[in-house]
$ cat protein12.cif   # mmCIF, C-alpha atoms
data_protein
#
loop_
_atom_site.label_atom_id
_atom_site.label_comp_id
_atom_site.auth_asym_id
_atom_site.auth_seq_id
_atom_site.Cartn_x
_atom_site.Cartn_y
_atom_site.Cartn_z
CA MET A 1 192.39 106.28 104.37
CA THR A 2 189.44 105.46 106.60
CA GLU A 3 187.81 102.06 106.97
CA ALA A 4 184.15 101.66 106.15
CA VAL A 5 182.09 101.55 109.33
CA PRO A 6 179.76 98.54 109.62
CA LEU A 7 176.15 99.59 110.00
CA ASN A 8 173.11 97.52 110.73
CA LEU A 9 169.37 97.65 110.91
CA VAL A 10 166.75 95.22 112.24
CA ILE A 11 163.71 94.77 110.01
CA GLU A 12 160.92 93.07 111.92
CA ILE A 13 158.04 91.68 109.85
CA GLY A 14 155.57 89.16 111.23
CA GLY A 15 157.32 89.29 114.58
CA MET A 16 160.54 87.93 113.06
CA PRO A 17 163.58 90.20 113.45
CA VAL A 18 166.04 90.13 110.56
CA ARG A 19 169.26 92.11 110.94
CA VAL A 20 170.99 93.45 107.86
CA ASN A 21 174.61 94.57 107.95
CA THR A 22 176.20 96.82 105.39
CA THR A 23 178.90 99.44 105.15
CA ASP A 24 176.78 101.59 102.87
CA ALA A 25 175.23 104.40 104.93
CA GLY A 26 173.16 105.53 101.98
CA PHE A 27 171.57 102.10 101.67
CA ILE A 28 170.78 102.01 105.39
CA ALA A 29 168.97 105.32 104.96
CA ILE A 30 167.01 103.86 102.04
CA LEU A 31 166.01 100.87 104.18
CA GLN A 32 165.01 103.06 107.14
CA ASP A 33 162.65 104.89 104.84
CA ARG A 34 161.42 101.78 103.02
CA TYR A 35 160.65 99.84 106.22
CA ALA A 36 159.49 102.69 108.45
CA GLY A 37 157.26 101.18 111.12
CA PHE A 38 158.98 97.81 110.76
CA ILE A 39 162.36 98.76 112.21
CA GLY A 40 162.99 96.68 115.34
CA ARG A 41 165.51 96.73 118.13
CA SER A 42 166.05 93.03 118.80
CA GLU A 43 169.50 92.04 120.01
CA ARG A 44 168.81 88.45 118.97
CA PRO A 45 167.71 88.45 115.35
CA GLU A 46 166.30 85.27 113.85
CA ILE A 47 168.39 85.85 110.76
CA GLU A 48 171.34 88.09 109.95
CA PHE A 49 172.32 89.09 106.43
CA ASP A 50 175.52 90.77 105.33
CA ILE A 51 174.69 92.95 102.36
CA GLU A 52 177.22 93.70 99.67
CA ILE A 53 176.15 96.58 97.51
CA SER A 54 177.40 96.25 93.97
CA SER A 55 177.62 99.29 91.76
CA SER A 56 178.06 97.28 88.58
CA ARG A 57 175.20 96.55 86.25
CA VAL A 58 173.54 93.20 86.85
CA PRO A 59 174.36 90.63 84.15
CA ASN A 60 170.81 89.51 83.45
CA PRO A 61 168.18 91.80 85.02
CA ASP A 62 165.28 89.75 83.60
CA GLU A 63 166.40 86.43 85.06
CA ASP A 64 163.53 84.71 86.93
CA VAL A 65 163.75 84.01 90.62
CA ARG A 66 165.20 80.63 91.64
CA VAL A 67 165.22 79.33 95.19
CA THR A 68 167.04 76.08 95.84
CA GLN A 69 168.43 74.26 98.83
CA GLN A 70 171.45 72.02 99.14
CA ASN A 71 173.03 70.65 102.30
CA GLY A 72 171.10 73.03 104.51
CA ARG A 73 172.03 76.12 102.53
CA TRP A 74 169.44 78.08 100.57
CA THR A 75 170.48 79.86 97.40
CA LEU A 76 168.28 82.70 96.17
CA ARG A 77 168.90 84.29 92.82
CA ARG A 78 167.18 86.64 90.47
CA GLY A 79 168.48 89.00 87.81
CA ASP A 80 169.04 91.76 90.36
CA PHE A 81 170.40 89.81 93.34
CA ARG A 82 172.22 86.76 94.62
CA ALA A 83 171.82 85.55 98.20
CA GLU A 84 172.60 82.59 100.42
CA TRP A 85 171.15 81.69 103.77
CA GLU A 86 171.99 78.93 106.23
CA PRO A 87 169.07 78.49 108.68
CA ALA A 88 171.20 76.46 111.11
CA ARG A 89 173.66 79.34 111.45
CA ARG A 90 170.92 81.99 111.13
CA ARG A 91 173.22 83.84 108.76
CA GLY A 92 173.41 84.69 105.13
CA TRP A 93 174.58 87.24 102.61
CA ILE A 94 172.96 89.28 99.85
CA ARG A 95 174.74 90.77 96.86
CA GLN A 96 172.65 93.41 95.09
CA THR A 97 172.59 96.94 93.77
CA ALA A 98 171.33 99.71 96.06
CA ASN A 99 167.75 98.97 95.08
CA PRO A 100 165.29 98.33 97.92
CA TYR A 101 163.17 96.10 95.69
CA SER A 102 165.94 93.50 95.64
CA ILE A 103 166.14 93.10 99.41
CA ASP A 104 162.35 93.28 99.48
CA ALA A 105 162.25 90.16 97.28
CA VAL A 106 164.85 88.41 99.43
CA LEU A 107 162.85 89.13 102.58
CA ARG A 108 159.62 87.86 101.01
CA ILE A 109 161.32 84.64 99.95
CA VAL A 110 162.98 84.08 103.33
CA HIS A 111 159.72 84.69 105.16
CA THR A 112 157.90 82.16 102.92
CA LEU A 113 160.58 79.58 103.73
CA VAL A 114 160.39 80.20 107.47
CA LEU A 115 156.58 80.26 107.50
CA ALA A 116 156.31 77.07 105.42
CA LYS A 117 158.06 75.15 108.19
CA GLN A 118 155.64 76.60 110.74
CA GLY A 119 152.33 76.09 108.92
CA GLY A 120 151.99 79.72 107.80
CA PHE A 121 152.36 81.51 104.49
CA LEU A 122 152.41 84.76 102.55
CA LEU A 123 149.26 85.29 100.51
CA HIS A 124 148.38 87.53 97.59
CA SER A 125 145.72 89.38 99.51
CA ALA A 126 144.86 92.61 101.19
CA SER A 127 144.24 92.32 104.91
CA ALA A 128 142.81 94.53 107.59
CA ILE A 129 141.72 94.48 111.21
CA ARG A 130 138.22 95.41 112.27
CA ASN A 131 136.73 94.85 115.73
CA GLY A 132 139.88 92.99 116.77
CA LYS A 133 139.67 90.42 113.97
CA ALA A 134 141.72 90.19 110.79
CA LEU A 135 139.99 89.88 107.42
CA LEU A 136 141.86 88.64 104.34
CA PHE A 137 140.85 89.66 100.80
CA ALA A 138 142.59 87.38 98.31
CA GLY A 139 142.68 87.72 94.59
CA VAL A 140 144.80 88.00 91.52
CA SER A 141 145.86 91.31 90.05
CA GLU A 142 142.83 93.56 89.33
CA ALA A 143 140.57 91.47 91.61
CA GLY A 144 140.17 94.48 93.90
CA LYS A 145 142.75 94.17 96.69
CA THR A 146 143.80 97.80 96.47
CA THR A 147 140.23 98.99 95.87
CA ILE A 148 138.84 97.26 98.96
CA SER A 149 141.73 98.69 100.98
CA ARG A 150 141.10 102.19 99.68
CA LEU A 151 137.40 101.95 100.55
CA ALA A 152 138.06 100.87 104.15
CA PRO A 153 136.34 103.13 106.73
CA PRO A 154 138.36 104.86 109.49
CA ASP A 155 137.76 102.14 112.07
CA VAL A 156 139.63 99.64 109.90
CA THR A 157 143.39 99.12 110.38
CA LEU A 158 145.07 98.25 107.10
CA LEU A 159 147.68 95.47 107.30
CA THR A 160 148.54 95.41 103.59
CA ASP A 161 146.89 95.97 100.23
CA GLU A 162 149.01 93.35 98.47
CA ILE A 163 150.71 90.58 100.47
CA SER A 164 149.34 89.22 103.72
CA TYR A 165 151.44 87.58 106.37
CA VAL A 166 149.66 84.61 107.96
CA ARG A 167 151.15 82.80 110.92
CA LYS A 168 149.76 79.75 112.71
CA GLN A 169 149.13 80.85 116.26
CA ASN A 170 147.22 79.68 119.36
CA GLY A 171 145.35 76.94 117.51
CA GLY A 172 144.25 79.35 114.80
CA TYR A 173 145.84 81.86 112.46
CA ALA A 174 146.99 85.45 112.92
CA ALA A 175 147.56 88.05 110.20
CA TYR A 176 150.38 90.55 110.57
CA GLY A 177 150.91 93.88 108.92
CA THR A 178 153.53 93.99 106.18
CA PRO A 179 155.50 96.67 104.37
CA PHE A 180 154.78 94.85 101.09
CA THR A 181 152.54 97.25 99.23
CA GLY A 182 150.53 97.23 96.04
CA GLU A 183 149.11 100.15 94.09
CA LEU A 184 148.10 101.89 97.29
CA ALA A 185 151.82 102.36 98.06
CA LYS A 186 151.04 102.65 101.75
CA LEU A 187 152.79 100.47 104.32
CA GLY A 188 150.55 98.36 106.52
CA GLU A 189 150.37 98.89 110.25
CA ASN A 190 152.82 96.70 112.15
CA VAL A 191 150.16 94.97 114.25
CA SER A 192 148.42 91.59 114.20
CA ALA A 193 145.07 89.97 114.97
CA PRO A 194 143.44 86.54 114.74
CA VAL A 195 142.12 85.78 111.25
CA SER A 196 138.33 85.50 111.18
CA THR A 197 137.52 85.19 107.46
CA LEU A 198 139.20 84.80 104.09
CA PHE A 199 137.27 86.52 101.31
CA LEU A 200 137.91 85.59 97.68
CA LEU A 201 137.57 88.88 95.85
CA SER A 202 136.01 89.85 92.57
CA LYS A 203 134.37 93.03 91.32
CA GLY A 204 130.76 92.95 90.14
CA PRO A 205 127.57 94.96 89.75
CA GLU A 206 126.45 94.47 93.36
CA ASN A 207 127.77 93.49 96.76
CA LEU A 208 127.37 89.84 97.56
CA ILE A 209 128.89 87.35 100.00
CA GLU A 210 128.53 83.68 99.09
CA PRO A 211 129.74 80.41 100.61
CA VAL A 212 132.61 78.58 98.94
CA ALA A 213 132.87 74.80 98.64
CA PRO A 214 135.82 73.46 100.66
CA ALA A 215 137.68 72.14 97.61
CA ASP A 216 137.23 75.46 95.79
CA ALA A 217 138.45 77.28 98.89
CA ALA A 218 141.61 75.16 99.03
CA ARG A 219 142.22 75.58 95.29
CA SER A 220 141.79 79.36 95.49
CA LEU A 221 144.04 79.63 98.51
CA LEU A 222 146.76 77.57 96.84
CA ALA A 223 146.47 79.70 93.70
CA ASN A 224 147.13 82.85 95.72
CA LEU A 225 150.00 81.62 97.89
CA LEU A 226 153.46 83.07 97.41
CA PHE A 227 155.91 80.25 97.14
CA PHE A 228 159.23 80.18 95.36
CA ALA A 229 161.24 77.20 96.58
CA GLU A 230 162.10 74.24 94.41
CA ASP A 231 161.90 71.92 97.39
CA GLU A 232 159.60 68.91 97.64
CA GLU A 233 159.41 68.89 101.42
CA LEU A 234 158.36 72.54 101.65
CA VAL A 235 155.96 72.23 98.72
CA GLN A 236 154.22 69.38 100.52
CA ALA A 237 154.20 71.29 103.81
CA THR A 238 152.67 74.37 102.17
CA PHE A 239 150.07 72.24 100.38
CA HIS A 240 148.93 70.67 103.64
CA SER A 241 149.00 74.06 105.40
CA ALA A 242 146.51 75.40 102.87
CA PHE A 243 144.11 72.56 103.59
CA GLU A 244 144.48 73.00 107.31
CA PHE A 245 143.79 76.73 106.97
CA VAL A 246 140.52 76.22 105.04
CA SER A 247 139.43 73.62 107.57
CA ARG A 248 139.76 76.20 110.37
CA VAL A 249 138.98 79.57 108.79
CA PRO A 250 135.71 80.40 106.99
CA VAL A 251 136.21 81.18 103.32
CA ARG A 252 133.64 83.31 101.46
CA ARG A 253 133.36 84.71 97.98
CA LEU A 254 133.00 88.50 98.06
CA THR A 255 131.72 90.11 94.88
CA PHE A 256 131.68 93.87 95.32
CA PHE A 257 130.74 97.06 93.59
CA PRO A 258 133.55 99.50 94.25
CA ASP A 259 132.02 101.96 96.67
CA SER A 260 132.06 102.23 100.46
CA ARG A 261 128.84 100.20 100.96
CA VAL A 262 130.80 96.99 100.62
CA TRP A 263 132.25 97.52 104.10
CA GLU A 264 128.70 97.69 105.52
CA LEU A 265 128.16 94.21 104.14
CA ILE A 266 131.48 92.92 105.45
CA GLY A 267 130.53 94.20 108.88
CA MET B 1 149.24 40.28 77.51
CA SER B 2 151.35 41.49 80.44
CA SER B 3 149.93 43.23 83.50
CA MET B 4 150.37 46.83 84.48
CA TYR B 5 150.98 47.84 88.09
CA VAL B 6 150.49 51.35 89.43
CA ALA B 7 151.73 52.97 92.63
CA ARG B 8 151.22 56.40 94.14
CA ASN B 9 154.32 58.57 93.89
CA PRO B 10 155.32 59.31 97.50
CA ARG B 11 156.90 62.58 96.36
CA VAL B 12 153.55 64.27 95.74
CA ALA B 13 151.18 65.78 98.29
CA ALA B 14 147.56 64.62 98.14
CA ARG B 15 144.37 65.55 99.95
CA GLY B 16 140.74 64.68 99.47
CA LEU B 17 138.25 67.40 100.30
CA GLY B 18 134.54 67.71 99.58
CA GLY B 19 134.64 64.63 97.37
CA GLU B 20 137.54 65.92 95.28
CA MET B 21 141.10 64.62 95.28
CA MET B 22 143.78 67.25 94.82
CA ILE B 23 147.41 66.49 94.21
CA MET B 24 150.38 68.81 94.09
CA SER B 25 153.60 67.93 92.39
CA GLY B 26 156.53 68.34 94.76
CA ARG B 27 158.75 68.95 91.77
CA ASP B 28 157.11 72.03 90.25
CA SER B 29 154.13 72.81 92.56
CA THR B 30 151.60 72.08 89.81
CA LEU B 31 148.14 71.38 91.25
CA PHE B 32 145.99 68.61 89.80
CA THR B 33 142.35 67.88 90.60
CA LEU B 34 141.46 64.27 89.84
CA ASN B 35 138.11 63.24 88.41
CA LYS B 36 136.19 60.33 89.93
CA THR B 37 137.89 57.62 87.85
CA ALA B 38 141.35 59.06 88.45
CA THR B 39 140.60 59.28 92.16
CA ILE B 40 139.66 55.59 92.27
CA LEU B 41 142.83 54.76 90.37
CA TRP B 42 144.95 56.90 92.75
CA GLN B 43 143.38 55.40 95.85
CA SER B 44 143.80 51.85 94.55
CA ALA B 45 147.35 52.29 93.30
CA ASP B 46 149.11 50.19 95.92
CA GLY B 47 151.82 48.90 93.57
CA GLU B 48 150.72 45.29 94.12
CA THR B 49 147.25 44.99 92.61
CA PRO B 50 147.32 44.63 88.81
CA LEU B 51 145.54 47.42 86.97
CA ASP B 52 143.10 45.01 85.30
CA GLU B 53 142.00 43.85 88.75
CA ILE B 54 141.55 47.46 89.91
CA VAL B 55 139.44 48.14 86.84
CA THR B 56 137.29 45.05 87.35
CA ARG B 57 136.80 45.48 91.08
CA LYS B 58 136.71 49.23 91.54
CA ILE B 59 135.83 50.90 88.25
CA CYS B 60 133.48 48.48 86.48
CA SER B 61 131.55 48.04 89.72
CA GLU B 62 131.13 51.80 90.00
CA PHE B 63 130.40 52.72 86.39
CA ASP B 64 128.37 51.04 83.67
CA VAL B 65 131.27 50.50 81.26
CA ASP B 66 132.63 47.80 78.98
CA PRO B 67 135.50 46.11 80.91
CA LYS B 68 137.85 46.01 77.90
CA GLU B 69 137.22 49.66 77.09
CA ALA B 70 137.54 50.59 80.76
CA LEU B 71 140.94 48.89 80.96
CA GLN B 72 142.19 50.72 77.88
CA ASP B 73 141.01 54.03 79.35
CA ALA B 74 142.60 53.18 82.72
CA GLU B 75 145.94 52.33 81.08
CA SER B 76 145.85 55.58 79.17
CA LEU B 77 144.96 57.50 82.33
CA ALA B 78 147.70 55.75 84.33
CA ARG B 79 150.30 56.70 81.73
CA GLU B 80 149.07 60.29 81.73
CA LEU B 81 149.31 60.49 85.53
CA ALA B 82 152.74 58.89 85.32
CA SER B 83 153.84 61.55 82.82
CA HIS B 84 153.04 64.13 85.54
CA GLU B 85 154.91 61.99 88.09
CA ILE B 86 151.73 61.47 90.10
CA LEU B 87 151.76 57.69 89.61
CA GLN B 88 154.48 55.17 88.98
CA VAL B 89 153.76 52.54 86.30
CA SER B 90 155.48 49.19 85.89
CA GLU B 91 155.08 45.76 84.32
CA THR B 92 156.01 44.22 87.67
CA PRO B 93 154.78 44.91 91.21
CA ILE B 94 156.23 48.11 92.67
CA LEU B 95 157.88 47.73 96.03
CA PRO B 96 157.07 50.28 98.75
CA GLY B 97 159.60 53.10 98.85
CA HIS B 98 160.69 52.45 95.28
CA SER B 99 160.46 55.92 93.74
CA GLY B 100 162.80 55.44 90.81
CA ALA B 101 161.75 55.50 87.17
CA GLU B 102 159.71 52.47 86.28
CA LYS B 103 159.77 50.44 83.17
CA SER B 104 156.75 51.66 81.28
CA LYS B 105 154.53 49.26 79.42
#
$ encode --input "protein12.cif" --output "structure tokens"
Amino acid sequence: MTEAVPLNLVIEIGGMPVRVNTTDAGFIAILQDRYAGFIGRSERPEIEFDIEISSSRVPNPDEDVRVTQQNGRWTLRRGDFRAEWEPARRRGWIRQTANPYSIDAVLRIVHTLVLAKQGGFLLHSASAIRNGKALLFAGVSEAGKTTISRLAPPDVTLLTDEISYVRKQNGGYAAYGTPFTGELAKLGENVSAPVSTLFLLSKGPENLIEPVAPADAARSLLANLLFFAEDEELVQATFHSAFEFVSRVPVRRLTFFPDSRVWELIG
Amino acid sequence: MSSMYVARNPRVAARGLGGEMMIMSGRDSTLFTLNKTATILWQSADGETPLDEIVTRKICSEFDVDPKEALQDAESLARELASHEILQVSETPILPGHSGAEKSK
């Protein structure tokens, strides 16, 4: 009888290396494919997860996500996974089926927790780099995130069509590419750039960019943030981060007719 | 008639921007935008000043309203904000740092 060989992979999103350990070679192959372009080589990961792949059916696949913290240990649970993470030890474990969407959810949650402490966040928005600057296009489902991404001309580097990664950096904010995709089903480029503008998206009969009142900007940003934790300290930190962001980054309302001319207006 | 005292709940996050006061519940991340009267009430809710004094000094001086009616509205508003855990309400002054459940009027 042979022992299972431990395997690992470093997934680096937003410049944060996360190592996952498993004995399931098939799952490693799935992850290599899922996170192509985001596989790192760091010997010192920020976080390390041991993954236990369960072949049994999950007891309650429709259970909502819950993220709680007690005594410095985060517990993450949803119908399709259970996970724990201790930031002080930089270690945790994930129990899930061999479904990449489960670890995808865990990674999103962990990144929101890490970013919340640092003044950053994940945002429901497409993002792209043009002329060395990152543009964010926030909106709810059907607002046009995938459409604006699909219409981008060749000189635009797509960071994501669904979930943007925003990190506080050098007195401003930088957006990073993510593998978190929407309908476009195309991974973002693993690059980053300073954020120049946040556009609040909606489709309309013509292309139009309008100013947004500061309070409306903050409200819209908060409405589009990804945040899962039932934790007063982090809720407050994220709230204040949103206000700081809108005080530093111009926010505009972009109404657009879905054809390529919108990118001429964006500039 | 006994007095009502109101205090800001320290467990919420609050910011004023562009003339609007926004408050987020730390418990469930619900976002509230306060109207002008609620903003005055929030800003004046120091736990020590009786609500009737807040109404007389801050609300009646700002709006053309009947003081008795304004106090009734303020009490109702304070209870509503307390139900969302934005304010604490008590029949006695509320000490700083006291975030426990208050005896409601």
$ residues_around --input "protein12.cif" --residues "stretch 57-63 of chain B" --least-positions-apart "4" --cutoff "12 Å" --atoms "all atoms listed in the file" --output "number ranges by chain"
B: 36-45, 49-53, 67-71, 73-74
$ write_last_selection --input "protein12.cif" --atoms "C-alpha atoms" --output "PDB file, in the frame of the given file"
ATOM      1  CA  LYS B  36     136.190  60.330  89.930  1.00  0.00           C
ATOM      2  CA  THR B  37     137.890  57.620  87.850  1.00  0.00           C
ATOM      3  CA  ALA B  38     141.350  59.060  88.450  1.00  0.00           C
ATOM      4  CA  THR B  39     140.600  59.280  92.160  1.00  0.00           C
ATOM      5  CA  ILE B  40     139.660  55.590  92.270  1.00  0.00           C
ATOM      6  CA  LEU B  41     142.830  54.760  90.370  1.00  0.00           C
ATOM      7  CA  TRP B  42     144.950  56.900  92.750  1.00  0.00           C
ATOM      8  CA  GLN B  43     143.380  55.400  95.850  1.00  0.00           C
ATOM      9  CA  SER B  44     143.800  51.850  94.550  1.00  0.00           C
ATOM     10  CA  ALA B  45     147.350  52.290  93.300  1.00  0.00           C
ATOM     11  CA  THR B  49     147.250  44.990  92.610  1.00  0.00           C
ATOM     12  CA  PRO B  50     147.320  44.630  88.810  1.00  0.00           C
ATOM     13  CA  LEU B  51     145.540  47.420  86.970  1.00  0.00           C
ATOM     14  CA  ASP B  52     143.100  45.010  85.300  1.00  0.00           C
ATOM     15  CA  GLU B  53     142.000  43.850  88.750  1.00  0.00           C
ATOM     16  CA  PRO B  67     135.500  46.110  80.910  1.00  0.00           C
ATOM     17  CA  LYS B  68     137.850  46.010  77.900  1.00  0.00           C
ATOM     18  CA  GLU B  69     137.220  49.660  77.090  1.00  0.00           C
ATOM     19  CA  ALA B  70     137.540  50.590  80.760  1.00  0.00           C
ATOM     20  CA  LEU B  71     140.940  48.890  80.960  1.00  0.00           C
ATOM     21  CA  ASP B  73     141.010  54.030  79.350  1.00  0.00           C
ATOM     22  CA  ALA B  74     142.600  53.180  82.720  1.00  0.00           C
TER      23      ALA B  74
END
$ atom_distance --input "protein12.cif" --atom1 "atom CA of A:Ser260" --atom2 "atom CA of A:Arg150"
9.1 Å
$ residues_near_point --input "protein12.cif" --point "(172.2, 87.1, 105.7)" --cutoff "6 Å" --atoms "all atoms listed in the file" --output "JSON, numbers by chain"
{"A": [48, 49, 50, 85, 91, 92, 93]}
$ resolve_selection --input "protein12.cif" --expression "the PyMOL selection byres ((chain B) within 6 of (chain A))" --output "count of residues only"
5
$ residues_around --input "protein12.cif" --residues "A:Asp161" --least-positions-apart "2" --cutoff "7 Å" --atoms "only C-alpha atoms" --output "short mmCIF file (atom, residue, chain, number, x, y, z; two decimals) with C-alpha atoms, keeping the file's coordinate frame"
data_model
loop_
_atom_site.label_atom_id
_atom_site.label_comp_id
_atom_site.auth_asym_id
_atom_site.auth_seq_id
_atom_site.Cartn_x
_atom_site.Cartn_y
_atom_site.Cartn_z
CA SER A 125 145.72 89.38 99.51
CA ALA A 126 144.86 92.61 101.19
CA SER A 127 144.24 92.32 104.91
CA LYS A 145 142.75 94.17 96.69
CA THR A 146 143.80 97.80 96.47
CA SER A 149 141.73 98.69 100.98
CA ILE A 163 150.71 90.58 100.47
CA THR A 181 152.54 97.25 99.23
CA GLY A 182 150.53 97.23 96.04
CA LEU A 184 148.10 101.89 97.29
#
$ residues_around --input "protein12.cif" --residues "A:Leu115" --least-positions-apart "6" --cutoff "8 Å" --atoms "only C-alpha atoms" --output "ChimeraX atom specification"
/A:121-122,167
$ resolve_selection --input "protein12.cif" --expression "the PyMOL selection byres ((chain A and resi 39-46) around 7)" --output "list in words"
Val10, Ile11, Glu12, Met16, Pro17, Val18, Arg19, Tyr35, Ala36, Gly37, Phe38, Ile47, Glu48 and Arg90 of chain A
$ closest_residue --input "protein12.cif" --among "B:Val89, B:Leu34, B:Leu81, B:Val65" --to "B:Ala14" --atoms "all atoms listed in the file"
B:Leu34
$ resolve_selection --input "protein12.cif" --expression "the PyMOL selection byres ((chain B and resi 94) around 8)" --output "list in words"
Tyr5, Val6, Ala7, Gly47, Glu48, Ser90, Thr92, Pro93, Leu95, Pro96 and His98 of chain B
$ closest_residue --input "protein12.cif" --among "B:Glu80, B:Asp28, B:Glu75, B:Asp64" --to "B:Val12" --atoms "all atoms listed in the file"
B:Asp28
$ atom_distance --input "protein12.cif" --atom1 "atom CA of B:Met24" --atom2 "atom CA of A:Pro250"
22.7 Å
$ residues_around --input "protein12.cif" --residues "A:Ile266" --least-positions-apart "3" --cutoff "12 Å" --atoms "only C-alpha atoms" --output "mmCIF file with C-alpha atoms, keeping the file's coordinate frame"
data_model
loop_
_atom_site.group_PDB
_atom_site.id
_atom_site.type_symbol
_atom_site.label_atom_id
_atom_site.label_comp_id
_atom_site.auth_asym_id
_atom_site.auth_seq_id
_atom_site.Cartn_x
_atom_site.Cartn_y
_atom_site.Cartn_z
ATOM 1 C CA ALA A 128 142.810 94.530 107.590
ATOM 2 C CA ILE A 129 141.720 94.480 111.210
ATOM 3 C CA ARG A 130 138.220 95.410 112.270
ATOM 4 C CA ASN A 131 136.730 94.850 115.730
ATOM 5 C CA ALA A 134 141.720 90.190 110.790
ATOM 6 C CA LEU A 135 139.990 89.880 107.420
ATOM 7 C CA LEU A 136 141.860 88.640 104.340
ATOM 8 C CA PHE A 137 140.850 89.660 100.800
ATOM 9 C CA ILE A 148 138.840 97.260 98.960
ATOM 10 C CA LEU A 151 137.400 101.950 100.550
ATOM 11 C CA ALA A 152 138.060 100.870 104.150
ATOM 12 C CA PRO A 153 136.340 103.130 106.730
ATOM 13 C CA VAL A 156 139.630 99.640 109.900
ATOM 14 C CA SER A 196 138.330 85.500 111.180
ATOM 15 C CA THR A 197 137.520 85.190 107.460
ATOM 16 C CA LEU A 198 139.200 84.800 104.090
ATOM 17 C CA PHE A 199 137.270 86.520 101.310
ATOM 18 C CA ASN A 207 127.770 93.490 96.760
ATOM 19 C CA LEU A 208 127.370 89.840 97.560
ATOM 20 C CA ILE A 209 128.890 87.350 100.000
ATOM 21 C CA GLU A 210 128.530 83.680 99.090
ATOM 22 C CA ARG A 252 133.640 83.310 101.460
ATOM 23 C CA ARG A 253 133.360 84.710 97.980
ATOM 24 C CA LEU A 254 133.000 88.500 98.060
ATOM 25 C CA THR A 255 131.720 90.110 94.880
ATOM 26 C CA PHE A 256 131.680 93.870 95.320
ATOM 27 C CA SER A 260 132.060 102.230 100.460
ATOM 28 C CA ARG A 261 128.840 100.200 100.960
ATOM 29 C CA VAL A 262 130.800 96.990 100.620
ATOM 30 C CA TRP A 263 132.250 97.520 104.100
#
$ closest_residue --input "protein12.cif" --among "A:Glu52, A:Asp62, A:Glu162, A:Glu206" --to "A:Phe180" --atoms "all atoms listed in the file"
A:Glu162
